[in-house]
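As stored in entry.cif (mmCIF, C-alpha atoms):
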```
data_input
loop_
_atom_site.label_atom_id
_atom_site.label_comp_id
_atom_site.auth_asym_id
_atom_site.auth_seq_id
_atom_site.Cartn_x
_atom_site.Cartn_y
_atom_site.Cartn_z
CA MET A 1 0.00 0.00 0.00
CA ILE A 2 1.17 3.51 -0.69
CA ALA A 3 0.37 5.70 2.29
CA ASN A 4 0.31 9.43 1.62
CA TYR A 5 0.43 11.84 4.52
CA GLY A 6 0.25 15.55 3.95
CA TYR A 7 -1.66 18.38 2.47
CA LYS A 8 -2.04 20.71 -0.47
CA ASP A 9 -2.49 24.42 -0.12
CA GLY A 10 -1.95 27.57 -2.13
CA SER A 11 1.81 27.21 -1.89
CA GLY A 12 2.02 23.68 -3.20
CA GLU A 13 1.61 19.99 -2.48
CA TYR A 14 3.40 18.54 0.53
CA TYR A 15 3.07 14.80 0.91
CA ILE A 16 5.28 12.13 2.44
CA SER A 17 4.56 8.83 0.65
CA ILE A 18 5.53 5.47 2.08
CA ASP A 19 5.35 2.40 -0.14
CA THR A 20 4.76 -0.06 2.67
CA ASP A 21 5.44 -3.07 0.41
CA LYS A 22 9.06 -1.89 0.23
CA CYS A 23 9.20 -1.54 4.01
CA ILE A 24 8.77 -5.23 4.69
CA ASP A 25 12.16 -6.79 5.53
CA CYS A 26 13.78 -3.34 5.37
CA ALA A 27 17.27 -3.54 3.86
CA ALA A 28 18.21 -0.24 5.50
CA GLU A 29 17.53 -1.62 9.00
CA ARG A 30 14.86 0.98 9.72
CA ALA A 31 17.32 3.84 9.24
CA CYS A 32 14.41 6.26 8.74
CA LEU A 33 13.63 6.13 12.45
CA LYS A 34 16.92 7.78 13.38
CA ALA A 35 17.38 9.85 10.22
CA CYS A 36 14.34 12.09 10.65
CA PRO A 37 15.30 15.11 12.75
CA GLN A 38 11.72 15.30 14.01
CA GLN A 39 11.31 11.58 14.75
CA MET A 40 8.26 11.43 12.49
CA PHE A 41 8.33 7.69 11.80
CA GLU A 42 7.53 4.60 13.78
CA ILE A 43 7.33 0.91 12.94
CA ILE A 44 3.91 -0.64 13.32
CA THR A 45 2.34 -3.99 12.49
CA ASP A 46 -0.16 -3.24 9.72
CA ASP A 47 -3.52 -4.86 9.05
CA TYR A 48 -1.81 -7.68 7.14
CA ASP A 49 0.66 -8.49 9.95
CA ASP A 50 3.62 -6.87 8.20
CA GLU A 51 5.99 -4.57 10.05
CA VAL A 52 6.07 -1.29 8.16
CA ALA A 53 6.98 2.36 8.73
CA TRP A 54 4.23 4.92 9.30
CA VAL A 55 4.13 8.55 10.22
CA LYS A 56 3.26 8.75 13.92
CA LYS A 57 -0.41 9.52 14.44
CA GLU A 58 0.30 12.59 16.56
CA LYS A 59 2.56 13.93 13.80
CA THR A 60 0.19 13.55 10.87
CA ARG A 61 -1.44 16.94 11.37
CA ALA A 62 1.82 18.68 12.14
CA LEU A 63 3.63 17.98 8.86
CA ALA A 64 3.34 21.61 7.86
CA TYR A 65 5.41 22.57 10.88
CA ASP A 66 7.59 19.54 11.62
CA CYS A 67 8.74 19.11 8.02
CA ALA A 68 9.31 22.82 7.50
CA ASP A 69 13.08 22.60 8.00
CA CYS A 70 13.32 19.92 5.32
CA LYS A 71 11.44 21.88 2.68
CA PRO A 72 13.49 23.41 -0.15
CA ALA A 73 13.88 26.70 1.74
CA GLY A 74 15.51 24.74 4.57
CA GLY A 75 18.62 24.23 2.43
CA TYR A 76 18.67 20.44 2.30
CA THR A 77 20.05 19.00 -0.91
CA GLY A 78 18.96 15.49 0.06
CA LEU A 79 16.21 14.89 2.57
CA PRO A 80 17.38 12.86 5.58
CA CYS A 81 14.54 10.35 5.46
CA THR A 82 14.60 9.64 1.72
CA THR A 83 18.40 9.40 1.76
CA ALA A 84 18.36 6.94 4.66
CA CYS A 85 15.61 4.85 3.08
CA THR A 86 17.77 2.98 0.55
CA PRO A 87 14.92 0.62 -0.49
CA GLY A 88 13.17 3.74 -1.82
CA ALA A 89 10.01 3.33 0.21
CA ILE A 90 9.90 6.93 1.41
CA LYS A 91 9.28 9.69 -1.10
CA HIS A 92 8.42 13.35 -0.78
CA SER A 93 6.38 15.51 -3.13
CA TRP A 94 8.71 18.46 -2.63
CA MET B 1 -22.31 -16.95 12.88
CA ILE B 2 -22.33 -13.34 14.09
CA THR B 3 -19.39 -10.92 14.08
CA ALA B 4 -19.20 -7.30 15.19
CA GLY B 5 -17.51 -4.21 13.83
CA ILE B 6 -17.05 -1.17 16.05
CA ASP B 7 -16.02 2.17 14.59
CA MET B 8 -14.78 4.39 17.40
CA GLY B 9 -14.93 7.75 15.70
CA SER B 10 -13.96 11.04 17.26
CA ARG B 11 -17.60 12.08 17.57
CA SER B 12 -19.65 8.88 17.67
CA VAL B 13 -19.46 5.13 18.14
CA LYS B 14 -20.89 2.95 15.39
CA VAL B 15 -21.60 -0.74 15.93
CA VAL B 16 -22.58 -3.23 13.21
CA LEU B 17 -23.60 -6.80 14.01
CA LEU B 18 -23.18 -8.97 10.93
CA GLU B 19 -24.67 -12.39 10.45
CA GLN B 20 -23.43 -14.96 7.97
CA ILE B 21 -26.41 -16.40 6.13
CA LYS B 22 -26.83 -19.36 3.81
CA VAL B 23 -27.86 -18.57 0.25
CA GLU B 24 -28.78 -21.53 -1.95
CA GLY B 25 -26.23 -22.06 -4.71
CA ALA B 26 -23.88 -19.27 -3.58
CA LYS B 27 -20.16 -20.14 -3.73
CA GLU B 28 -19.03 -17.33 -1.46
CA PRO B 29 -20.36 -16.76 2.08
CA SER B 30 -23.22 -14.25 2.26
CA PHE B 31 -23.79 -11.73 4.99
CA ALA B 32 -26.68 -9.70 6.33
CA VAL B 33 -26.57 -6.77 8.72
CA LYS B 34 -28.39 -7.87 11.87
CA LYS B 35 -28.16 -4.52 13.64
CA ALA B 36 -26.57 -1.12 13.11
CA HIS B 37 -26.36 1.05 16.20
CA LEU B 38 -24.97 4.56 16.64
CA MET B 39 -24.19 6.22 19.92
CA LEU B 40 -23.16 9.81 20.57
CA PRO B 41 -21.22 9.64 23.84
CA GLY B 42 -22.36 12.14 26.41
CA ASP B 43 -18.96 12.21 28.06
CA LEU B 44 -15.36 11.73 27.02
CA ASP B 45 -14.88 8.28 28.51
CA ALA B 46 -14.24 6.35 25.30
CA ASP B 47 -13.70 3.04 27.12
CA GLN B 48 -17.20 3.17 28.58
CA ALA B 49 -18.69 4.51 25.35
CA ALA B 50 -17.57 1.43 23.39
CA GLU B 51 -18.91 -0.90 26.06
CA LYS B 52 -22.25 0.91 26.27
CA ALA B 53 -22.71 1.12 22.51
CA PHE B 54 -21.90 -2.57 22.06
CA ASP B 55 -24.27 -3.63 24.86
CA ALA B 56 -27.04 -1.46 23.41
CA ALA B 57 -26.57 -2.98 19.94
CA LEU B 58 -26.66 -6.51 21.39
CA ALA B 59 -29.82 -5.73 23.37
CA GLU B 60 -31.57 -4.23 20.34
CA ALA B 61 -30.64 -7.23 18.21
CA GLY B 62 -31.54 -9.78 20.91
CA VAL B 63 -28.06 -11.27 20.74
CA THR B 64 -25.80 -12.30 23.64
CA ARG B 65 -22.05 -11.62 23.80
CA ASP B 66 -21.34 -15.34 23.55
CA GLN B 67 -23.04 -15.47 20.16
CA VAL B 68 -20.59 -12.91 18.72
CA LYS B 69 -17.62 -14.91 17.48
CA SER B 70 -15.26 -12.04 16.76
CA ILE B 71 -15.20 -8.28 17.36
CA PHE B 72 -13.02 -5.97 15.27
CA ALA B 73 -12.54 -2.29 15.97
CA THR B 74 -11.53 0.64 13.80
CA GLY B 75 -11.49 4.43 13.98
CA ALA B 76 -9.39 6.98 15.79
CA GLY B 77 -10.21 5.38 19.16
CA ARG B 78 -9.96 1.73 18.16
CA GLY B 79 -7.23 1.15 20.75
CA GLN B 80 -9.75 1.95 23.46
CA VAL B 81 -12.05 -0.93 22.58
CA ALA B 82 -10.47 -3.25 25.14
CA PHE B 83 -12.79 -6.16 24.39
CA ALA B 84 -12.08 -6.16 20.63
CA THR B 85 -10.40 -9.24 19.17
CA GLU B 86 -8.34 -7.08 16.83
CA GLY B 87 -8.12 -3.57 15.42
CA VAL B 88 -7.79 -2.49 11.79
CA THR B 89 -7.08 0.92 10.30
CA GLU B 90 -9.81 3.17 8.96
CA MET B 91 -8.46 2.65 5.44
CA THR B 92 -8.74 -1.14 5.57
CA ALA B 93 -12.20 -1.06 7.15
CA GLY B 94 -13.57 1.69 4.91
CA ALA B 95 -12.35 0.09 1.68
CA ARG B 96 -13.73 -3.33 2.61
CA GLY B 97 -17.13 -1.95 3.61
CA ALA B 98 -17.42 0.26 0.54
CA VAL B 99 -16.59 -2.52 -1.93
CA PHE B 100 -18.98 -4.89 -0.15
CA MET B 101 -21.79 -2.38 -0.73
CA TYR B 102 -20.64 -1.32 -4.19
CA PRO B 103 -18.47 -4.03 -5.79
CA GLN B 104 -17.68 -1.69 -8.70
CA ALA B 105 -16.23 1.03 -6.43
CA ARG B 106 -12.47 1.62 -6.69
CA THR B 107 -12.19 5.07 -5.12
CA VAL B 108 -13.45 5.60 -1.59
CA VAL B 109 -13.84 9.05 -0.07
CA ASP B 110 -14.19 8.91 3.71
CA VAL B 111 -15.17 12.14 5.45
CA GLY B 112 -16.00 11.93 9.13
CA ALA B 113 -16.13 14.44 11.94
CA GLU B 114 -12.43 15.13 12.35
CA GLU B 115 -10.68 13.55 9.37
CA GLY B 116 -11.06 13.05 5.68
CA ARG B 117 -9.19 10.64 3.44
CA GLY B 118 -9.09 9.27 -0.06
CA ILE B 119 -8.59 5.53 -0.57
CA LYS B 120 -7.89 3.54 -3.71
CA THR B 121 -9.09 -0.04 -3.44
CA ASP B 122 -8.88 -3.25 -5.47
CA SER B 123 -11.78 -5.51 -6.38
CA ASP B 124 -11.42 -7.43 -3.10
CA GLY B 125 -11.87 -4.28 -1.05
CA LYS B 126 -8.21 -4.14 -0.07
CA ALA B 127 -6.83 -0.62 0.32
CA ILE B 128 -3.89 -0.23 -2.03
CA ASP B 129 -3.24 3.50 -1.73
CA PHE B 130 -4.50 6.22 0.55
CA ALA B 131 -4.00 9.88 1.33
CA GLY B 132 -5.07 11.40 4.56
CA ASN B 133 -4.56 13.86 7.32
CA GLU B 134 -4.99 17.41 6.23
CA LYS B 135 -3.44 20.20 8.20
CA CYS B 136 -6.50 20.58 10.42
CA ALA B 137 -10.16 19.73 10.70
CA ALA B 138 -10.98 22.14 7.85
CA GLY B 139 -11.35 19.13 5.56
CA ALA B 140 -13.92 17.36 7.70
CA GLY B 141 -17.39 17.44 9.18
CA SER B 142 -16.66 19.35 12.38
CA PHE B 143 -15.61 22.31 10.24
CA ALA B 144 -18.95 22.31 8.41
CA GLU B 145 -20.69 21.99 11.77
CA ALA B 146 -18.82 24.98 13.22
CA MET B 147 -19.64 27.06 10.17
CA SER B 148 -23.34 26.12 10.30
CA ARG B 149 -23.35 27.39 13.89
CA ALA B 150 -21.78 30.65 12.74
CA LEU B 151 -24.61 30.99 10.22
CA GLN B 152 -27.20 30.02 12.86
CA LEU B 153 -28.47 27.17 10.71
CA SER B 154 -29.04 23.56 11.68
CA LEU B 155 -26.80 21.09 9.84
CA LYS B 156 -29.79 19.97 7.76
CA GLU B 157 -30.68 23.56 6.82
CA PHE B 158 -27.00 24.26 6.12
CA GLY B 159 -26.69 21.44 3.57
CA GLU B 160 -30.00 22.29 1.90
CA ALA B 161 -29.19 26.01 1.79
CA SER B 162 -25.99 25.43 -0.16
CA LEU B 163 -27.96 23.65 -2.90
CA LYS B 164 -29.91 26.86 -3.52
CA SER B 165 -26.77 28.80 -4.45
CA ASP B 166 -25.00 28.86 -7.78
CA LYS B 167 -22.27 31.28 -6.66
CA SER B 168 -18.63 30.31 -6.23
CA ILE B 169 -17.06 32.28 -3.42
CA PRO B 170 -13.50 31.15 -2.68
CA MET B 171 -12.54 30.59 0.95
CA ASN B 172 -8.80 30.82 1.35
CA ALA B 173 -8.30 30.01 5.02
CA GLN B 174 -6.84 26.56 5.66
CA CYS B 175 -7.66 26.66 9.35
CA THR B 176 -11.07 26.37 11.01
CA VAL B 177 -10.46 29.41 13.18
CA PHE B 178 -9.45 31.67 10.28
CA ALA B 179 -12.19 30.25 8.06
CA GLU B 180 -14.78 31.18 10.67
CA SER B 181 -13.38 34.70 10.53
CA GLU B 182 -13.92 34.67 6.74
CA VAL B 183 -17.50 33.51 7.24
CA VAL B 184 -18.15 36.31 9.72
CA SER B 185 -16.76 38.80 7.16
CA LEU B 186 -19.13 37.41 4.52
CA ILE B 187 -22.07 37.73 6.94
CA HIS B 188 -21.14 41.36 7.61
CA SER B 189 -20.97 42.06 3.89
CA SER B 190 -24.60 40.83 3.62
CA THR B 191 -23.68 37.78 1.53
CA PRO B 192 -26.73 35.48 1.46
CA LYS B 193 -26.50 32.48 3.82
CA GLU B 194 -27.03 30.13 0.87
CA ASP B 195 -23.90 31.46 -0.85
CA ILE B 196 -21.84 31.25 2.35
CA ALA B 197 -23.02 27.68 2.99
CA LYS B 198 -21.97 26.70 -0.53
CA ALA B 199 -18.61 28.46 -0.13
CA VAL B 200 -17.92 26.50 3.07
CA LEU B 201 -18.90 23.14 1.59
CA ASP B 202 -16.97 23.89 -1.61
CA ALA B 203 -13.91 24.57 0.55
CA VAL B 204 -14.26 21.27 2.45
CA ALA B 205 -14.82 19.41 -0.83
CA SER B 206 -11.77 21.06 -2.36
CA ARG B 207 -9.52 19.91 0.50
CA VAL B 208 -10.92 16.40 0.42
CA CYS B 209 -10.60 16.32 -3.36
CA ALA B 210 -6.91 17.27 -3.15
CA MET B 211 -6.32 14.11 -1.09
CA VAL B 212 -8.39 11.95 -3.41
CA ARG B 213 -6.51 13.25 -6.45
CA ARG B 214 -3.27 12.28 -4.71
CA VAL B 215 -4.30 8.61 -4.94
CA GLY B 216 -6.05 9.12 -8.27
CA ILE B 217 -9.73 8.90 -9.14
CA GLU B 218 -10.41 5.51 -10.71
CA GLY B 219 -13.60 3.63 -11.38
CA ASN B 220 -16.70 4.42 -9.38
CA VAL B 221 -16.42 6.77 -6.44
CA VAL B 222 -18.21 6.02 -3.18
CA LEU B 223 -18.59 8.47 -0.30
CA ILE B 224 -18.61 7.11 3.24
CA GLY B 225 -18.64 8.81 6.63
CA GLY B 226 -21.12 11.15 8.27
CA MET B 227 -20.63 13.97 5.74
CA GLY B 228 -22.50 11.80 3.25
CA HIS B 229 -25.69 13.01 4.96
CA ASN B 230 -25.01 16.55 3.77
CA PRO B 231 -26.51 16.92 0.26
CA GLY B 232 -24.68 20.19 -0.30
CA PHE B 233 -21.34 18.55 0.39
CA VAL B 234 -22.14 15.67 -1.95
CA GLN B 235 -22.87 18.15 -4.73
CA SER B 236 -19.71 20.16 -3.99
CA LEU B 237 -17.64 16.98 -3.99
CA LYS B 238 -19.05 15.88 -7.35
CA THR B 239 -18.17 19.25 -8.82
CA ALA B 240 -14.67 19.33 -7.27
CA MET B 241 -13.87 15.80 -8.45
CA ASP B 242 -15.48 16.41 -11.83
CA VAL B 243 -17.40 13.14 -11.75
CA ASP B 244 -20.98 12.51 -12.86
CA GLU B 245 -21.87 10.30 -9.93
CA VAL B 246 -20.83 9.70 -6.36
CA LEU B 247 -22.22 6.47 -4.94
CA LEU B 248 -23.81 7.18 -1.59
CA PRO B 249 -24.90 4.47 0.88
CA GLU B 250 -28.12 5.09 2.79
CA LEU B 251 -26.19 5.06 6.08
CA PRO B 252 -22.69 6.21 5.09
CA GLU B 253 -21.45 6.52 8.69
CA PHE B 254 -21.75 2.75 9.24
CA VAL B 255 -19.66 1.59 6.28
CA SER B 256 -16.35 1.36 8.18
CA ALA B 257 -18.00 -0.57 11.03
CA LEU B 258 -19.52 -2.86 8.41
CA GLY B 259 -16.10 -3.37 6.82
CA CYS B 260 -14.72 -4.22 10.23
CA ALA B 261 -17.40 -6.84 10.88
CA LEU B 262 -16.77 -8.34 7.42
CA ILE B 263 -13.01 -8.59 8.03
CA ALA B 264 -13.73 -10.18 11.40
CA ALA B 265 -15.88 -12.82 9.66
CA GLU B 266 -13.41 -13.42 6.84
CA ARG B 267 -10.51 -13.96 9.25
CA LEU B 268 -12.49 -16.64 11.07
CA HIS B 269 -12.64 -18.71 7.87
#
```

Starting from the coordinates I provided, produce the structure as structure tokens.
Amino acid sequence: MIANYGYKDGSGEYYISIDTDKCIDCAAERACLKACPQQMFEIITDDYDDEVAWVKKEKTRALAYDCADCKPAGGYTGLPCTTACTPGAIKHSW
Amino acid sequence: MITAGIDMGSRSVKVVLLEQIKVEGAKEPSFAVKKAHLMLPGDLDADQAAEKAFDAALAEAGVTRDQVKSIFATGAGRGQVAFATEGVTEMTAGARGAVFMYPQARTVVDVGAEEGRGIKTDSDGKAIDFAGNEKCAAGAGSFAEAMSRALQLSLKEFGEASLKSDKSIPMNAQCTVFAESEVVSLIHSSTPKEDIAKAVLDAVASRVCAMVRRVGIEGNVVLIGGMGHNPGFVQSLKTAMDVDEVLLPELPEFVSALGCALIAAERLH
């Protein structure tokens, strides 16, 4: 399943997408958990008994603020989470 | 065999008791809803609310707890249904329930009190893609409710009023608090209530539509969740998504609980 968390407003589209099929048996040893400066991710057991990464429930409505430093204006050339996720499960729309 | 699905929403608790029935010649198991019960908790004790709603549904259906073979919970408060056998996400439950009711549906729009989401599903009712969690409740039912209060209209009047307007007034605020300020400004500028109601529902539909477009609009679209009772929102959503038809169950708020009860039954097999 591709899980999209985020929003769209007048300034653009800001979604974190996680392809949970690529999360199963993570080759990066769950590096996303430590890579995110805001600790946005957690590992949960999904409805099909697979261990996958999700955006923490309490963070889902705070993406506009918590991800602000990692938006283009923040100066990152490579986002910490997408860089750490070598299987390519995590993608950003910005 | 009877199974139960409990949808612990942020505003209400929905319980569906589902009975497996025998249909002559049918290859697949068939199901019938034995009872659908909704409770609006009077207090904030979600643990008690689930218990009370479940007991009330059992009493109304004349069923004992022992007769219920499995109980699955979903919704924002699913973790608080201590007596549930298992919990599933709103996406899994909503997609399963929607495809059970409309086998041709592939896009599910779920708009409840506090959250809205778009779900892409396969023919088995398995969620394969979803987008959810807007910045705030401005893409959900509680926003429409707050705005109807600002206009001093009941929710029913609010939905019906918007259908009488053909104006498109953009609402730019992304936050419920700022949006209410915009509504107050429109009231002060003597904008008719019908036009304001439509502007509000257009804004909610636009935010929901942005999420649905993220997953892509494919096949038939079905709307589930309590906002399905608002005819103005349904019209605004059709316009925003540019589709001719949005499939609407008679009781859209029960679809996720129904999906839950179905999954509970299927996992027993």

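Using all atoms listed in the file, the nearest neighbour of chain B within the list A:Cys32, A:Ile44, A:Ala73, A:Ala84 is A:Ile44.
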
For the structure provided, state which residues fall under the PyMOL selection byres ((chain B and resi 203) around 10), and present them as a PyMOL selection string.
chain B and resi 138-139+144+169-174+179+197-202+204-209+233+236-237+240

What is the distance between atom CA of Ala27 of chain A and atom CA of Thr83 of chain A, in Å to one decimal?
13.2 Å

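Interface residues on chain A toward chain B (cut-off 7 Å, only C-alpha atoms): A:Met1, A:Ile2, A:Ala3, A:Asn4, A:Tyr5, A:Gly6, A:Tyr7, A:Lys8, A:Asp47, A:Thr60, A:Arg61, A:Ala62, A:Ala64.
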
Give me a file of those residues, with C-alpha atoms, as a CSV table (one decimal), in the coordinates of the input.
```
chain,number,residue,atom,x,y,z
A,1,MET,CA,0.0,0.0,0.0
A,2,ILE,CA,1.2,3.5,-0.7
A,3,ALA,CA,0.4,5.7,2.3
A,4,ASN,CA,0.3,9.4,1.6
A,5,TYR,CA,0.4,11.8,4.5
A,6,GLY,CA,0.2,15.6,4.0
A,7,TYR,CA,-1.7,18.4,2.5
A,8,LYS,CA,-2.0,20.7,-0.5
A,47,ASP,CA,-3.5,-4.9,9.0
A,60,THR,CA,0.2,13.6,10.9
A,61,ARG,CA,-1.4,16.9,11.4
A,62,ALA,CA,1.8,18.7,12.1
A,64,ALA,CA,3.3,21.6,7.9
```

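The shortest atom-to-atom distance to Cys67 of chain A, with all atoms listed in the file taken into account, belongs to A:Leu79 out of A:Leu79, A:Cys85, A:Glu51, A:Ser11.
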
Determine the residue membership of the PyMOL selection byres ((chain A and resi 22) around 9) for the file above and supply it as a PyMOL selection string.
chain A and resi 18-21+23-26+52+87-90

Print the selection's residues with C-alpha atoms to a file, as a CSV table (one decimal), in the frame of the given file.
```csv
chain,number,residue,atom,x,y,z
A,18,ILE,CA,5.5,5.5,2.1
A,19,ASP,CA,5.4,2.4,-0.1
A,20,THR,CA,4.8,-0.1,2.7
A,21,ASP,CA,5.4,-3.1,0.4
A,23,CYS,CA,9.2,-1.5,4.0
A,24,ILE,CA,8.8,-5.2,4.7
A,25,ASP,CA,12.2,-6.8,5.5
A,26,CYS,CA,13.8,-3.3,5.4
A,52,VAL,CA,6.1,-1.3,8.2
A,87,PRO,CA,14.9,0.6,-0.5
A,88,GLY,CA,13.2,3.7,-1.8
A,89,ALA,CA,10.0,3.3,0.2
A,90,ILE,CA,9.9,6.9,1.4
```

Atom CA of Phe100 of chain B to atom CA of Ser12 of chain B, distance in Å rounded to a single decimal:
22.5 Å
